[in-house]
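Undergrad: Here it is: the structure, laid out below.
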Protein chains: 2
Amino acid sequence: MTVTFPAPTSPHDAEEGLTLAPRFDGDGLVTAVVTDADSGAVLMLAHMNAEALARTIETAQAHYYSRSRRKLWKKGEESGHVQTVTEMRVDCDQDAILLKVRVAGTGASCHTGRVSCFYRAVPLGKPGAELEFIEADRAFDPSDIYKK
Amino acid sequence: MTVTFPAPTSPHDAEEGLTLAPRFDGDGLVTAVVTDADSGAVLMLAHMNAEALARTIETAQAHYYSRSRRKLWKKGEESGHVQTVTEMRVDCDQDAILLKVRVAGTGASCHTGRVSCFYRAVPLGKPGAELEFIEADRAFDPSDIYKK
């Protein structure tokens, strides 16, 4: 499927216009920040190519582009953790997308089994200090879900 | 200032270890997601090189790397909208940082004068539909703050 969006326009039009004209990077990707529609917690970061962005808009189910597998990736297609998008936003210069989602299955979005990928804190004021696990309980065991 | 972090390790150690070993991309950058420490709202996305990351950890004030100006950028150095970091997290594969911040001055983080860069919604289920402005009131007039 070839999907096209309007080309990026001037900075002013990108910021103040009503047209979605994404600024895809050299690899054809924009960054997506994914938050929980209820708690507001940041769940994960991912990337979208034009097709992933178009399918997410059409279906209101989150689609990304897997840089490691080099293919379109419907979130949850393997794990069951489908993300239903309740709201999508675009940022000022149109190179980033914000998704507010409800997650099916165990409610986890991280492939390690946690609800959020951001399960470790970096201590402030202490360069080189060890990371601190927080909100790190696993909602599922990855070895049960992902086949090798 | 030359700043170094431990090199990325195995996927398992990156995900389950206690060492901050950022996976900088080919341009030497990681992505930072910035949220409001009180409301939880996503304010902006930015990028950090090793120096920006180190200075943010040391000072608990957000520093980024400006890709357009190709230099370290202390947020608010020009506009007064300094971001004090109340919590920093790293994601599973250590190529993304989450900052929870309190913003000085008018409280706005977007260079267009809005509190958040995500001030337009993308309608779902309606490919090609116009963007919808939401939470788009300006906290400041950019022309008052940024000199040409």
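Lettering and numbering for the structure tokens are positional, with chains as A, B, ... in the shown order, residues counted from 1 in each chain, and ligands counted from 1 in the shown order.
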Please, which residues of chain A lie no more than 9 Å from chain B when the count uses only C-alpha atoms, and can they be set out as an NGL selection string?

TA: :A and (5 or 15 or 17-20 or 31 or 33 or 35 or 39-42 or 44-45 or 54 or 56-60 or 85-93 or 96-98 or 110-112 or 116-133)

Undergrad: Neighbouring residues of segment 82-84 of chain A were defined as those with any atom within 9 Å, considering only C-alpha atoms; residues of the same chain fewer than 6 positions away were excluded. Please report them as an MDAnalysis selection string.

TA: chainID A and resid 59:63 74:76 100:105 107 109

Undergrad: May I have the selected residues written with C-alpha atoms, as a PDB file, in the first residue's frame?

TA:
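Contents of again_3.pdb, freshly written:
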```
ATOM      1  CA  THR A  59      -8.671   2.277  12.179  1.00  0.00           C
ATOM      2  CA  ALA A  60      -8.023   4.054  15.515  1.00  0.00           C
ATOM      3  CA  GLN A  61      -5.791   1.111  16.386  1.00  0.00           C
ATOM      4  CA  ALA A  62      -2.106   1.885  16.823  1.00  0.00           C
ATOM      5  CA  HIS A  63       0.201   0.840  13.999  1.00  0.00           C
ATOM      6  CA  LYS A  74       0.128  -3.478  14.311  1.00  0.00           C
ATOM      7  CA  LYS A  75       0.693  -3.176  18.036  1.00  0.00           C
ATOM      8  CA  GLY A  76      -0.619  -6.298  19.759  1.00  0.00           C
ATOM      9  CA  LYS A 100      -3.706   8.441  23.914  1.00  0.00           C
ATOM     10  CA  VAL A 101      -4.607   4.754  24.043  1.00  0.00           C
ATOM     11  CA  ARG A 102      -6.450   2.014  25.891  1.00  0.00           C
ATOM     12  CA  VAL A 103      -4.465  -1.217  25.933  1.00  0.00           C
ATOM     13  CA  ALA A 104      -6.154  -4.620  25.570  1.00  0.00           C
ATOM     14  CA  GLY A 105      -5.111  -7.859  27.229  1.00  0.00           C
ATOM     15  CA  GLY A 107      -2.765  -3.720  29.719  1.00  0.00           C
ATOM     16  CA  SER A 109       2.739  -1.996  26.430  1.00  0.00           C
TER      17      SER A 109
END
```

Undergrad: Run DSSP on the backbone and tell me which residues of chain B come out as alpha helix (DSSP H); list them as a PDB file with C-alpha atoms, in the first residue's frame.

TA:
```pdb
ATOM      1  CA  PRO B  11      19.635  -6.213  25.107  1.00  0.00           C
ATOM      2  CA  HIS B  12      19.116  -8.090  28.370  1.00  0.00           C
ATOM      3  CA  ASP B  13      21.541  -5.901  30.324  1.00  0.00           C
ATOM      4  CA  ALA B  14      20.093  -2.748  28.738  1.00  0.00           C
ATOM      5  CA  GLU B  15      16.593  -3.759  29.849  1.00  0.00           C
ATOM      6  CA  GLU B  16      17.249  -5.288  33.246  1.00  0.00           C
ATOM      7  CA  ALA B  50      25.663  12.933  25.810  1.00  0.00           C
ATOM      8  CA  GLU B  51      26.488  16.403  27.106  1.00  0.00           C
ATOM      9  CA  ALA B  52      22.836  17.457  27.321  1.00  0.00           C
ATOM     10  CA  LEU B  53      21.986  14.248  29.139  1.00  0.00           C
ATOM     11  CA  ALA B  54      24.884  14.636  31.575  1.00  0.00           C
ATOM     12  CA  ARG B  55      24.075  18.279  32.325  1.00  0.00           C
ATOM     13  CA  THR B  56      20.419  17.458  32.901  1.00  0.00           C
ATOM     14  CA  ILE B  57      21.376  14.722  35.371  1.00  0.00           C
ATOM     15  CA  GLU B  58      23.875  16.983  37.146  1.00  0.00           C
ATOM     16  CA  THR B  59      21.740  20.097  37.389  1.00  0.00           C
ATOM     17  CA  PRO B 142       6.729  34.513  20.552  1.00  0.00           C
ATOM     18  CA  SER B 143       7.592  37.840  18.933  1.00  0.00           C
ATOM     19  CA  ASP B 144       7.979  39.348  22.398  1.00  0.00           C
ATOM     20  CA  ILE B 145      10.447  36.708  23.508  1.00  0.00           C
TER      21      ILE B 145
END
```

Undergrad: Do you have the atom CA of Thr9 of chain B-atom CA of Met48 of chain B distance handy?

TA: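 Interatomic distance here is 19.6 Å.
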
Undergrad: Enumerate, as number ranges by chain, the complete set of residues in segment 13-148 of chain B that a backbone-based DSSP assignment places in strand (DSSP E or B).

TA: B: 30-36, 42-48, 61, 63-66, 71-74, 83-90, 96-103, 120-121, 132-133

Undergrad: Quick one: pull the distance between atom CA of Thr106 of chain B and atom CA of Tyr64 of chain B, Å, one decimal.

TA: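 If I compute the distance from atom CA of Thr106 of chain B to atom CA of Tyr64 of chain B, I get 19.9 Å.
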
Undergrad: Can you work out the spacing between atom CA of Gly26 of chain A and atom CA of Lys71 of chain B in Å, to one decimal?

TA: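 Those two atoms sit 20.4 Å apart.
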